Amino acid sequence: MPSKFKCVRCGREYEPGSVFRCECGGLLEVVHEPIKWDRHIVDSRLCPMGAPYSSGVWRYKELIHPGLPAELIVTRPEGNTNVYHRSAVSEFVGVERLTMKHEGENPTGSFKDRGMTVAVSEALRQGAKAVACASTGNTSASMAAYAAQADLKGIVFIPEGEIAYGKLSQALAYGSKVIQVPGSFDDAMRVVQEASKELGLYLLNSINPWRIEGQKTIIFELLHQRGWEPPDWIIVPAGNLGNTSAFGKALADLVELGWIQKVPRIASIQAEGAAPFYKMWKGGGEVLESLHPETVATAIKIGNPVSWEKAIRVIRETEGVVEVVSDAEIMEAKAVVDGSGVGCEPASAASVAGARKLVAAGVIKPDDDVVCVLTGNLLKDPDATVGYHTGKLKGIQARRPNAPTRLDTTSMSASLRRLLRE
Ligand SMILES: *Cc1c(COP(=O)(O)O)cnc(C)c1O
Ligand SMILES: [Zn+2]
């Protein structure tokens, strides 16, 4: 195996197995043997005849999991997601050079597929029979699909009544065993860690360092699409902080290869009611204090983010920032992104809402080059979308509602004319 696990706290190294924490309590990360690698190789894979290199993850295999035999790769394939510019969104944020990388275009509708293809392939390499995760929704949807493809038994632990309907329906449809845990995501996370230890399930949460390796490819692919020209800012919604960690690791890889010279600043955006990372960063603390999370954006409704120790280094090393946005700001940004024809789920819109707030605060300049990552698909959370537009979302005054109207059939043509004038 040319790759090892290494503790981010004490530096101790391990063979990659199914233990994801160091004896000292620190998180483990994957380290590969240094390589010299030519950019022409990834270019030549842009028009491949099929898997695995047609995948926006496995195109970069040598930087992700160099030692994995190709026949073990479980791929859909994932990635190859588009980058959009929309004037309405640029105007809303206050930055002309603003683009959105839409990770909701992955096979199961979120970026989680990028980490899942790597971690499920690794589960096969280790001979696992069953895989498990705790999830705010998208991890379970993704795991269920990849477990089905790989013929592995999938078991997901979700916080009862807390996950969006689109995501729950995917986990059920793809055939995983769905176990509802009373409490929040953080409770489900505790249960799955115990269950996987006790029952020998291979754990597929983002504490699994292979998930982070796969998620690095959001950055590889983004920069590849831009001809390896980095933007000034990359803005990402932050829940469990896997993406923030992965983005920093990816940028470090690219600097080491000499493929980029400048490192973009990373801005991690949390929901106001689920912002333990923001509180830690703002207060200059060295340890994260968990809290009870509350937000409409269920994908980032996390009070005890597992990857904070990796993520805080990324923020510091990229001269990044952490910001918070309210649920009302998230839903308004979503309405603008949706209304531009691009569309995303609530948590994803946190990046756009955060960009707007950072521009207003003068942190991001109007002529900066900014990329917002949209993490999930519009169809994931129909209740939030319909609730917003019909004014039924608790505690939110919709500023851009688009409620359906009822046709008056007694004077149909007059009614129609009136409705279309509105
Ligand atoms: C998982 C998820 C997030 C949170 O990402 P982290 O890596 O946990 O910070 C944000 N948005 C969506 C749509 C997600 O599925
Ligand atoms: Zn350690």
# chains A, B, ... in the order shown; residues from 1 in each chain; ligands from 1
>>> residues_around(residues="Asp113 in chain A", least_positions_apart="2", cutoff="9 Å", atoms="only C-alpha atoms", output="number ranges by chain")
A: 76, 78-79, 106-111, 115-118, 138-139, 142-143, 146, 214-215
>>> write_last_selection(atoms="N, CA, C and O atoms", output="PDB file, in the first residue's frame")
ATOM      1  N   ARG A  76     -19.981   5.389 -10.458  1.00  0.00           N
ATOM      2  CA  ARG A  76     -21.250   5.578 -11.200  1.00  0.00           C
ATOM      3  C   ARG A  76     -21.097   6.019 -12.658  1.00  0.00           C
ATOM      4  O   ARG A  76     -21.991   5.674 -13.442  1.00  0.00           O
ATOM      5  N   GLU A  78     -18.917   9.510 -10.949  1.00  0.00           N
ATOM      6  CA  GLU A  78     -19.327  10.722 -10.249  1.00  0.00           C
ATOM      7  C   GLU A  78     -18.566  11.956 -10.754  1.00  0.00           C
ATOM      8  O   GLU A  78     -17.702  11.857 -11.630  1.00  0.00           O
ATOM      9  N   GLY A  79     -18.923  13.103 -10.204  1.00  0.00           N
ATOM     10  CA  GLY A  79     -18.240  14.351 -10.562  1.00  0.00           C
ATOM     11  C   GLY A  79     -18.635  14.850 -11.935  1.00  0.00           C
ATOM     12  O   GLY A  79     -19.762  14.661 -12.373  1.00  0.00           O
ATOM     13  N   ASN A 106     -24.126  15.430  -8.978  1.00  0.00           N
ATOM     14  CA  ASN A 106     -23.562  14.087  -8.805  1.00  0.00           C
ATOM     15  C   ASN A 106     -24.667  13.030  -8.883  1.00  0.00           C
ATOM     16  O   ASN A 106     -25.846  13.360  -8.777  1.00  0.00           O
ATOM     17  N   PRO A 107     -24.276  11.740  -9.043  1.00  0.00           N
ATOM     18  CA  PRO A 107     -25.277  10.684  -9.294  1.00  0.00           C
ATOM     19  C   PRO A 107     -26.427  10.620  -8.291  1.00  0.00           C
ATOM     20  O   PRO A 107     -27.567  10.416  -8.694  1.00  0.00           O
ATOM     21  N   THR A 108     -26.170  10.785  -7.004  1.00  0.00           N
ATOM     22  CA  THR A 108     -27.289  10.757  -6.051  1.00  0.00           C
ATOM     23  C   THR A 108     -27.654  12.162  -5.573  1.00  0.00           C
ATOM     24  O   THR A 108     -28.407  12.320  -4.610  1.00  0.00           O
ATOM     25  N   GLY A 109     -27.129  13.188  -6.227  1.00  0.00           N
ATOM     26  CA  GLY A 109     -27.591  14.542  -5.976  1.00  0.00           C
ATOM     27  C   GLY A 109     -26.825  15.344  -4.943  1.00  0.00           C
ATOM     28  O   GLY A 109     -27.296  16.404  -4.532  1.00  0.00           O
ATOM     29  N   SER A 110     -25.658  14.854  -4.513  1.00  0.00           N
ATOM     30  CA  SER A 110     -24.821  15.671  -3.633  1.00  0.00           C
ATOM     31  C   SER A 110     -23.358  15.279  -3.795  1.00  0.00           C
ATOM     32  O   SER A 110     -23.039  14.225  -4.358  1.00  0.00           O
ATOM     33  N   PHE A 111     -22.468  16.128  -3.255  1.00  0.00           N
ATOM     34  CA  PHE A 111     -21.024  15.850  -3.347  1.00  0.00           C
ATOM     35  C   PHE A 111     -20.622  14.590  -2.600  1.00  0.00           C
ATOM     36  O   PHE A 111     -19.509  14.096  -2.762  1.00  0.00           O
ATOM     37  N   GLY A 115     -16.815  11.205  -2.098  1.00  0.00           N
ATOM     38  CA  GLY A 115     -16.125  10.499  -1.018  1.00  0.00           C
ATOM     39  C   GLY A 115     -16.557   9.047  -0.939  1.00  0.00           C
ATOM     40  O   GLY A 115     -15.770   8.157  -0.612  1.00  0.00           O
ATOM     41  N   MET A 116     -17.841   8.828  -1.265  1.00  0.00           N
ATOM     42  CA  MET A 116     -18.407   7.487  -1.093  1.00  0.00           C
ATOM     43  C   MET A 116     -17.799   6.490  -2.066  1.00  0.00           C
ATOM     44  O   MET A 116     -17.546   5.340  -1.708  1.00  0.00           O
ATOM     45  N   THR A 117     -17.559   6.901  -3.310  1.00  0.00           N
ATOM     46  CA  THR A 117     -16.979   5.963  -4.279  1.00  0.00           C
ATOM     47  C   THR A 117     -15.616   5.461  -3.795  1.00  0.00           C
ATOM     48  O   THR A 117     -15.281   4.289  -3.970  1.00  0.00           O
ATOM     49  N   VAL A 118     -14.851   6.336  -3.151  1.00  0.00           N
ATOM     50  CA  VAL A 118     -13.529   5.941  -2.671  1.00  0.00           C
ATOM     51  C   VAL A 118     -13.650   5.040  -1.444  1.00  0.00           C
ATOM     52  O   VAL A 118     -13.035   3.969  -1.365  1.00  0.00           O
ATOM     53  N   ASN A 138     -27.852  13.144   3.111  1.00  0.00           N
ATOM     54  CA  ASN A 138     -27.170  12.894   1.844  1.00  0.00           C
ATOM     55  C   ASN A 138     -26.128  11.788   1.913  1.00  0.00           C
ATOM     56  O   ASN A 138     -25.932  11.060   0.937  1.00  0.00           O
ATOM     57  N   THR A 139     -25.468  11.647   3.049  1.00  0.00           N
ATOM     58  CA  THR A 139     -24.515  10.544   3.195  1.00  0.00           C
ATOM     59  C   THR A 139     -25.247   9.209   3.089  1.00  0.00           C
ATOM     60  O   THR A 139     -24.765   8.276   2.432  1.00  0.00           O
ATOM     61  N   SER A 142     -26.273   8.491  -0.536  1.00  0.00           N
ATOM     62  CA  SER A 142     -25.113   8.101  -1.333  1.00  0.00           C
ATOM     63  C   SER A 142     -24.626   6.700  -0.950  1.00  0.00           C
ATOM     64  O   SER A 142     -24.412   5.842  -1.807  1.00  0.00           O
ATOM     65  N   MET A 143     -24.480   6.471   0.355  1.00  0.00           N
ATOM     66  CA  MET A 143     -24.005   5.162   0.798  1.00  0.00           C
ATOM     67  C   MET A 143     -24.935   4.057   0.340  1.00  0.00           C
ATOM     68  O   MET A 143     -24.486   2.997  -0.112  1.00  0.00           O
ATOM     69  N   TYR A 146     -24.268   3.240  -3.352  1.00  0.00           N
ATOM     70  CA  TYR A 146     -22.988   2.568  -3.613  1.00  0.00           C
ATOM     71  C   TYR A 146     -22.943   1.183  -2.967  1.00  0.00           C
ATOM     72  O   TYR A 146     -22.343   0.252  -3.514  1.00  0.00           O
ATOM     73  N   GLY A 214     -11.675  11.474  -1.496  1.00  0.00           N
ATOM     74  CA  GLY A 214     -12.573  11.619  -2.648  1.00  0.00           C
ATOM     75  C   GLY A 214     -13.089  13.035  -2.800  1.00  0.00           C
ATOM     76  O   GLY A 214     -13.210  13.564  -3.915  1.00  0.00           O
ATOM     77  N   GLN A 215     -13.391  13.678  -1.677  1.00  0.00           N
ATOM     78  CA  GLN A 215     -13.954  15.030  -1.721  1.00  0.00           C
ATOM     79  C   GLN A 215     -12.920  16.078  -2.168  1.00  0.00           C
ATOM     80  O   GLN A 215     -13.293  17.171  -2.587  1.00  0.00           O
TER      81      GLN A 215
END
>>> select_by_dssp(residues="range 131-286 of chain A", states="alpha helix (DSSP H)", output="compact mmCIF listing (two decimals) with N, CA and C atoms, in the first residue's frame")
# COMPACT_ATOMS: atom_id res chain seq x y z
N ASN A 138 -27.85 13.14 3.11
CA ASN A 138 -27.17 12.89 1.84
C ASN A 138 -26.13 11.79 1.91
N THR A 139 -25.47 11.65 3.05
CA THR A 139 -24.52 10.54 3.19
C THR A 139 -25.25 9.21 3.09
N SER A 140 -26.43 9.13 3.70
CA SER A 140 -27.17 7.86 3.66
C SER A 140 -27.68 7.58 2.24
N ALA A 141 -28.12 8.61 1.53
CA ALA A 141 -28.58 8.42 0.15
C ALA A 141 -27.44 7.89 -0.71
N SER A 142 -26.27 8.49 -0.54
CA SER A 142 -25.11 8.10 -1.33
C SER A 142 -24.63 6.70 -0.95
N MET A 143 -24.48 6.47 0.36
CA MET A 143 -24.01 5.16 0.80
C MET A 143 -24.93 4.06 0.34
N ALA A 144 -26.23 4.29 0.45
CA ALA A 144 -27.21 3.26 0.08
C ALA A 144 -27.03 2.88 -1.40
N ALA A 145 -26.80 3.88 -2.25
CA ALA A 145 -26.64 3.60 -3.68
C ALA A 145 -25.36 2.82 -3.96
N TYR A 146 -24.27 3.24 -3.35
CA TYR A 146 -22.99 2.57 -3.61
C TYR A 146 -22.94 1.18 -2.97
N ALA A 147 -23.58 1.04 -1.80
CA ALA A 147 -23.63 -0.28 -1.16
C ALA A 147 -24.41 -1.24 -2.04
N ALA A 148 -25.52 -0.76 -2.61
CA ALA A 148 -26.32 -1.61 -3.50
C ALA A 148 -25.49 -2.05 -4.71
N GLN A 149 -24.76 -1.09 -5.28
CA GLN A 149 -23.95 -1.40 -6.46
C GLN A 149 -22.86 -2.42 -6.15
N ALA A 150 -22.30 -2.32 -4.93
CA ALA A 150 -21.18 -3.19 -4.55
C ALA A 150 -21.65 -4.48 -3.88
N TYR A 165 -37.10 14.79 3.00
CA TYR A 165 -37.82 13.67 2.42
C TYR A 165 -37.13 13.06 1.19
N GLY A 166 -36.56 13.90 0.36
CA GLY A 166 -35.87 13.40 -0.84
C GLY A 166 -34.76 12.42 -0.46
N LYS A 167 -34.06 12.74 0.60
CA LYS A 167 -32.91 11.94 1.03
C LYS A 167 -33.36 10.63 1.67
N LEU A 168 -34.36 10.73 2.55
CA LEU A 168 -34.90 9.53 3.20
C LEU A 168 -35.43 8.56 2.14
N SER A 169 -36.12 9.11 1.15
CA SER A 169 -36.69 8.22 0.13
C SER A 169 -35.59 7.53 -0.66
N GLN A 170 -34.47 8.19 -0.88
CA GLN A 170 -33.36 7.54 -1.58
C GLN A 170 -32.80 6.37 -0.78
N ALA A 171 -32.56 6.60 0.52
CA ALA A 171 -31.98 5.54 1.35
C ALA A 171 -32.89 4.31 1.36
N LEU A 172 -34.20 4.56 1.49
CA LEU A 172 -35.16 3.45 1.49
C LEU A 172 -35.17 2.76 0.12
N ALA A 173 -35.21 3.56 -0.93
CA ALA A 173 -35.33 3.01 -2.28
C ALA A 173 -34.12 2.17 -2.68
N PHE A 185 -28.43 14.56 14.79
CA PHE A 185 -27.38 13.86 14.05
C PHE A 185 -26.26 13.42 14.98
N ASP A 186 -25.93 14.29 15.93
CA ASP A 186 -24.80 13.98 16.81
C ASP A 186 -25.08 12.72 17.64
N ASP A 187 -26.36 12.51 18.01
CA ASP A 187 -26.74 11.28 18.72
C ASP A 187 -26.60 10.07 17.78
N ALA A 188 -27.06 10.23 16.53
CA ALA A 188 -26.95 9.15 15.55
C ALA A 188 -25.48 8.78 15.31
N MET A 189 -24.63 9.80 15.30
CA MET A 189 -23.19 9.60 15.09
C MET A 189 -22.58 8.76 16.23
N ARG A 190 -23.01 9.08 17.46
CA ARG A 190 -22.52 8.30 18.61
C ARG A 190 -22.94 6.85 18.49
N VAL A 191 -24.21 6.63 18.12
CA VAL A 191 -24.74 5.27 18.02
C VAL A 191 -24.00 4.48 16.94
N VAL A 192 -23.76 5.09 15.77
CA VAL A 192 -23.15 4.33 14.68
C VAL A 192 -21.69 3.97 15.01
N GLN A 193 -21.02 4.83 15.75
CA GLN A 193 -19.63 4.50 16.10
C GLN A 193 -19.58 3.30 17.03
N GLU A 194 -20.52 3.25 17.98
CA GLU A 194 -20.60 2.09 18.87
C GLU A 194 -21.00 0.84 18.10
N ALA A 195 -22.04 0.98 17.26
CA ALA A 195 -22.56 -0.16 16.52
C ALA A 195 -21.51 -0.75 15.58
N SER A 196 -20.74 0.12 14.94
CA SER A 196 -19.77 -0.40 13.98
C SER A 196 -18.63 -1.12 14.70
N LYS A 197 -18.28 -0.62 15.87
CA LYS A 197 -17.23 -1.30 16.65
C LYS A 197 -17.73 -2.68 17.09
N GLU A 198 -18.95 -2.69 17.62
CA GLU A 198 -19.52 -3.92 18.19
C GLU A 198 -19.82 -4.98 17.12
N LEU A 199 -20.39 -4.53 15.99
CA LEU A 199 -20.87 -5.48 14.99
C LEU A 199 -19.92 -5.63 13.80
N PRO A 209 -11.06 8.59 6.65
CA PRO A 209 -10.19 9.49 5.88
C PRO A 209 -10.31 9.31 4.36
N TRP A 210 -10.77 8.16 3.90
CA TRP A 210 -10.91 7.95 2.44
C TRP A 210 -12.01 8.83 1.85
N ARG A 211 -13.04 9.15 2.67
CA ARG A 211 -14.09 10.06 2.19
C ARG A 211 -13.48 11.42 1.84
N ILE A 212 -12.58 11.87 2.71
CA ILE A 212 -11.93 13.16 2.50
C ILE A 212 -11.09 13.12 1.21
N GLU A 213 -10.41 12.00 0.97
CA GLU A 213 -9.62 11.88 -0.27
C GLU A 213 -10.50 12.10 -1.50
N GLY A 214 -11.67 11.47 -1.50
CA GLY A 214 -12.57 11.62 -2.65
C GLY A 214 -13.09 13.04 -2.80
N GLN A 215 -13.39 13.68 -1.68
CA GLN A 215 -13.95 15.03 -1.72
C GLN A 215 -12.92 16.08 -2.17
N THR A 217 -11.52 15.99 -4.79
CA THR A 217 -11.65 16.15 -6.24
C THR A 217 -12.62 17.27 -6.63
N ILE A 218 -13.42 17.78 -5.66
CA ILE A 218 -14.22 18.98 -5.97
C ILE A 218 -13.25 20.09 -6.39
N ILE A 219 -12.16 20.20 -5.65
CA ILE A 219 -11.15 21.23 -5.92
C ILE A 219 -10.31 20.90 -7.16
N PHE A 220 -9.88 19.63 -7.27
CA PHE A 220 -9.08 19.25 -8.45
C PHE A 220 -9.87 19.56 -9.72
N GLU A 221 -11.13 19.12 -9.73
CA GLU A 221 -11.94 19.29 -10.94
C GLU A 221 -12.25 20.77 -11.21
N LEU A 222 -12.56 21.50 -10.15
CA LEU A 222 -12.83 22.95 -10.29
C LEU A 222 -11.64 23.65 -10.94
N LEU A 223 -10.44 23.38 -10.42
CA LEU A 223 -9.25 24.07 -10.95
C LEU A 223 -8.91 23.57 -12.34
N HIS A 224 -9.13 22.29 -12.59
CA HIS A 224 -8.94 21.72 -13.92
C HIS A 224 -9.84 22.46 -14.92
N GLN A 225 -11.11 22.64 -14.54
CA GLN A 225 -12.06 23.36 -15.40
C GLN A 225 -11.63 24.79 -15.66
N GLY A 242 -16.08 18.15 6.79
CA GLY A 242 -15.32 17.26 5.90
C GLY A 242 -14.86 18.00 4.66
N ASN A 243 -15.75 18.77 4.05
CA ASN A 243 -15.38 19.49 2.83
C ASN A 243 -14.31 20.53 3.09
N THR A 244 -14.48 21.32 4.14
CA THR A 244 -13.47 22.33 4.46
C THR A 244 -12.10 21.65 4.59
N SER A 245 -12.07 20.50 5.27
CA SER A 245 -10.81 19.77 5.45
C SER A 245 -10.28 19.28 4.11
N ALA A 246 -11.17 18.72 3.30
CA ALA A 246 -10.76 18.16 2.01
C ALA A 246 -10.23 19.25 1.08
N PHE A 247 -10.88 20.41 1.10
CA PHE A 247 -10.47 21.50 0.20
C PHE A 247 -9.03 21.94 0.51
N GLY A 248 -8.73 22.08 1.79
CA GLY A 248 -7.38 22.48 2.17
C GLY A 248 -6.35 21.45 1.77
N LYS A 249 -6.69 20.18 1.95
CA LYS A 249 -5.75 19.09 1.61
C LYS A 249 -5.51 19.07 0.11
N ALA A 250 -6.58 19.29 -0.66
CA ALA A 250 -6.46 19.29 -2.12
C ALA A 250 -5.56 20.43 -2.59
N LEU A 251 -5.75 21.60 -2.02
CA LEU A 251 -4.94 22.74 -2.42
C LEU A 251 -3.47 22.50 -2.09
N ALA A 252 -3.22 21.88 -0.93
CA ALA A 252 -1.84 21.56 -0.56
C ALA A 252 -1.23 20.57 -1.56
N ASP A 253 -2.01 19.59 -2.00
CA ASP A 253 -1.54 18.63 -3.02
C ASP A 253 -1.12 19.36 -4.30
N LEU A 254 -1.97 20.29 -4.73
CA LEU A 254 -1.73 20.97 -6.01
C LEU A 254 -0.52 21.90 -5.93
N VAL A 255 -0.33 22.51 -4.77
CA VAL A 255 0.86 23.36 -4.59
C VAL A 255 2.11 22.48 -4.63
N GLU A 256 2.05 21.32 -3.96
CA GLU A 256 3.20 20.43 -3.92
C GLU A 256 3.56 19.91 -5.31
N LEU A 257 2.52 19.64 -6.13
CA LEU A 257 2.77 19.19 -7.50
C LEU A 257 3.26 20.32 -8.40
N PRO A 276 -20.91 25.85 15.87
CA PRO A 276 -19.85 25.67 16.86
C PRO A 276 -18.46 26.01 16.32
N PHE A 277 -18.26 25.78 15.03
CA PHE A 277 -16.95 26.06 14.41
C PHE A 277 -16.72 27.57 14.31
N TYR A 278 -17.77 28.29 13.95
CA TYR A 278 -17.69 29.75 13.90
C TYR A 278 -17.34 30.31 15.28
N LYS A 279 -18.02 29.78 16.31
CA LYS A 279 -17.79 30.29 17.67
C LYS A 279 -16.34 30.06 18.09
N MET A 280 -15.83 28.88 17.75
CA MET A 280 -14.45 28.55 18.10
C MET A 280 -13.47 29.48 17.37
N TRP A 281 -13.69 29.64 16.06
CA TRP A 281 -12.79 30.46 15.24
C TRP A 281 -12.84 31.93 15.67
N LYS A 282 -14.05 32.42 15.86
CA LYS A 282 -14.26 33.82 16.24
C LYS A 282 -13.61 34.11 17.59
N GLY A 283 -13.78 33.15 18.52
CA GLY A 283 -13.26 33.36 19.87
C GLY A 283 -11.78 33.02 20.00
>>> closest_residue(among="A:Pro182, A:Gly67, A:Gly320, A:Gly154", to="Leu203 in chain A", atoms="only C-alpha atoms")
A:Gly154
>>> residues_near_ligand(ligand="ligand 1", cutoff="9 Å", atoms="only C-alpha atoms and all ligand atoms", output="NGL selection string")
:A and (103-104 or 109-112 or 135-139 or 206 or 212 or 215 or 236-246 or 268-270 or 297-302 or 305-307 or 344-350 or 374-377 or 380)
>>> closest_residue(among="A:Leu28, A:Val156, A:Met49, A:Val296", to="ligand 2", atoms="only C-alpha atoms and all ligand atoms")
A:Leu28
>>> residues_near_ligand(ligand="ligand 2", cutoff="8 Å", atoms="only C-alpha atoms and all ligand atoms", output="NGL selection string")
:A and (6-12 or 21-28)
>>> write_last_selection(atoms="C-alpha atoms", output="PDB file, in the first residue's frame")
ATOM      1  CA  LYS A   6      -1.283   9.566   9.788  1.00  0.00           C
ATOM      2  CA  CYS A   7      -2.545  11.280  12.940  1.00  0.00           C
ATOM      3  CA  VAL A   8      -3.114  15.008  12.398  1.00  0.00           C
ATOM      4  CA  ARG A   9      -2.351  15.621  16.082  1.00  0.00           C
ATOM      5  CA  CYS A  10       0.737  13.521  16.947  1.00  0.00           C
ATOM      6  CA  GLY A  11       1.934  12.323  13.544  1.00  0.00           C
ATOM      7  CA  ARG A  12       1.788   8.609  14.377  1.00  0.00           C
ATOM      8  CA  ARG A  21      -8.909   7.712  15.321  1.00  0.00           C
ATOM      9  CA  CYS A  22      -5.357   7.697  16.697  1.00  0.00           C
ATOM     10  CA  GLU A  23      -4.700   6.309  20.166  1.00  0.00           C
ATOM     11  CA  CYS A  24      -4.119   9.935  21.208  1.00  0.00           C
ATOM     12  CA  GLY A  25      -7.666  10.795  20.086  1.00  0.00           C
ATOM     13  CA  GLY A  26      -6.591  12.743  16.990  1.00  0.00           C
ATOM     14  CA  LEU A  27      -8.169  12.338  13.554  1.00  0.00           C
ATOM     15  CA  LEU A  28      -6.316  10.326  10.937  1.00  0.00           C
TER      16      LEU A  28
END
>>> select_by_dssp(residues="range 79-266 of chain A", states="strand (DSSP E)", output="JSON, numbers by chain")
{"A": [83, 84, 98, 99, 100, 101, 102, 130, 131, 132, 133, 134, 153, 154, 155, 156, 157, 158, 159, 177, 178, 179, 180, 181, 202, 203, 233, 234, 235, 236, 237, 265, 266]}
>>> closest_residue(among="A:Val57, A:Leu379, A:Ala355, A:Val95", to="Val322 in chain A", atoms="only C-alpha atoms")
A:Ala355
>>> residues_around(residues="His389 in chain A", least_positions_apart="5", cutoff="8 Å", atoms="only C-alpha atoms", output="list of chain:residue names")
A:Ala398, A:Arg400, A:Pro401, A:Asn402, A:Ala403
>>> atom_distance(atom1="CA of Gly341 in chain A", atom2="CA of Ile266 in chain A")
26.0 Å
>>> residues_around(residues="Tyr202 in chain A", least_positions_apart="5", cutoff="10 Å", atoms="only C-alpha atoms", output="PDB file with N, CA and C atoms, in the first residue's frame")
ATOM      1  N   GLY A  17      -6.807   0.813   8.003  1.00  0.00           N
ATOM      2  CA  GLY A  17      -7.716  -0.246   8.416  1.00  0.00           C
ATOM      3  C   GLY A  17      -9.080   0.331   8.691  1.00  0.00           C
ATOM      4  N   SER A  18      -9.751  -0.198   9.693  1.00  0.00           N
ATOM      5  CA  SER A  18     -11.100   0.296   9.967  1.00  0.00           C
ATOM      6  C   SER A  18     -11.144   1.128  11.248  1.00  0.00           C
ATOM      7  N   VAL A  19      -9.951   1.493  11.768  1.00  0.00           N
ATOM      8  CA  VAL A  19      -9.894   2.406  12.916  1.00  0.00           C
ATOM      9  C   VAL A  19      -9.525   3.787  12.391  1.00  0.00           C
ATOM     10  N   ALA A 119     -14.494   5.452  -0.485  1.00  0.00           N
ATOM     11  CA  ALA A 119     -14.582   4.702   0.772  1.00  0.00           C
ATOM     12  C   ALA A 119     -15.269   3.339   0.586  1.00  0.00           C
ATOM     13  N   VAL A 120     -16.235   3.264  -0.327  1.00  0.00           N
ATOM     14  CA  VAL A 120     -16.886   1.969  -0.576  1.00  0.00           C
ATOM     15  C   VAL A 120     -15.930   1.039  -1.331  1.00  0.00           C
ATOM     16  N   GLU A 122     -12.730   1.078  -0.969  1.00  0.00           N
ATOM     17  CA  GLU A 122     -11.800   0.653   0.083  1.00  0.00           C
ATOM     18  C   GLU A 122     -12.443  -0.416   0.980  1.00  0.00           C
ATOM     19  N   ALA A 123     -13.749  -0.287   1.223  1.00  0.00           N
ATOM     20  CA  ALA A 123     -14.458  -1.306   2.016  1.00  0.00           C
ATOM     21  C   ALA A 123     -14.334  -2.667   1.329  1.00  0.00           C
ATOM     22  N   LEU A 124     -14.449  -2.697   0.017  1.00  0.00           N
ATOM     23  CA  LEU A 124     -14.286  -3.950  -0.732  1.00  0.00           C
ATOM     24  C   LEU A 124     -12.860  -4.479  -0.592  1.00  0.00           C
ATOM     25  N   GLN A 126     -10.960  -4.164   1.799  1.00  0.00           N
ATOM     26  CA  GLN A 126     -10.777  -4.738   3.134  1.00  0.00           C
ATOM     27  C   GLN A 126     -11.667  -5.938   3.379  1.00  0.00           C
ATOM     28  N   GLY A 127     -12.452  -6.322   2.391  1.00  0.00           N
ATOM     29  CA  GLY A 127     -13.309  -7.493   2.525  1.00  0.00           C
ATOM     30  C   GLY A 127     -14.520  -7.284   3.405  1.00  0.00           C
ATOM     31  N   ALA A 128     -14.958  -6.036   3.565  1.00  0.00           N
ATOM     32  CA  ALA A 128     -16.134  -5.750   4.399  1.00  0.00           C
ATOM     33  C   ALA A 128     -17.369  -6.388   3.795  1.00  0.00           C
ATOM     34  N   LYS A 129     -18.309  -6.792   4.667  1.00  0.00           N
ATOM     35  CA  LYS A 129     -19.579  -7.362   4.202  1.00  0.00           C
ATOM     36  C   LYS A 129     -20.721  -6.367   4.384  1.00  0.00           C
ATOM     37  N   ALA A 130     -20.531  -5.475   5.370  1.00  0.00           N
ATOM     38  CA  ALA A 130     -21.589  -4.496   5.664  1.00  0.00           C
ATOM     39  C   ALA A 130     -20.960  -3.144   5.954  1.00  0.00           C
ATOM     40  N   VAL A 131     -21.665  -2.097   5.540  1.00  0.00           N
ATOM     41  CA  VAL A 131     -21.183  -0.733   5.755  1.00  0.00           C
ATOM     42  C   VAL A 131     -22.259   0.061   6.486  1.00  0.00           C
ATOM     43  N   ALA A 132     -21.828   1.092   7.227  1.00  0.00           N
ATOM     44  CA  ALA A 132     -22.788   1.859   8.018  1.00  0.00           C
ATOM     45  C   ALA A 132     -22.404   3.326   8.052  1.00  0.00           C
ATOM     46  N   CYS A 133     -23.410   4.168   8.279  1.00  0.00           N
ATOM     47  CA  CYS A 133     -23.130   5.584   8.488  1.00  0.00           C
ATOM     48  C   CYS A 133     -24.238   6.202   9.328  1.00  0.00           C
ATOM     49  N   GLY A 154     -26.107  -2.346   3.630  1.00  0.00           N
ATOM     50  CA  GLY A 154     -25.972  -0.965   4.105  1.00  0.00           C
ATOM     51  C   GLY A 154     -26.890  -0.699   5.284  1.00  0.00           C
ATOM     52  N   GLN A 193     -21.019   4.831  15.745  1.00  0.00           N
ATOM     53  CA  GLN A 193     -19.631   4.502  16.098  1.00  0.00           C
ATOM     54  C   GLN A 193     -19.584   3.296  17.028  1.00  0.00           C
ATOM     55  N   SER A 196     -20.736   0.125  14.939  1.00  0.00           N
ATOM     56  CA  SER A 196     -19.766  -0.401  13.981  1.00  0.00           C
ATOM     57  C   SER A 196     -18.626  -1.120  14.698  1.00  0.00           C
ATOM     58  N   LYS A 197     -18.279  -0.623  15.868  1.00  0.00           N
ATOM     59  CA  LYS A 197     -17.234  -1.305  16.646  1.00  0.00           C
ATOM     60  C   LYS A 197     -17.733  -2.681  17.091  1.00  0.00           C
ATOM     61  N   ASN A 208     -14.010   8.740   8.347  1.00  0.00           N
ATOM     62  CA  ASN A 208     -13.249   7.822   7.487  1.00  0.00           C
ATOM     63  C   ASN A 208     -12.395   8.656   6.514  1.00  0.00           C
TER      64      ASN A 208
END
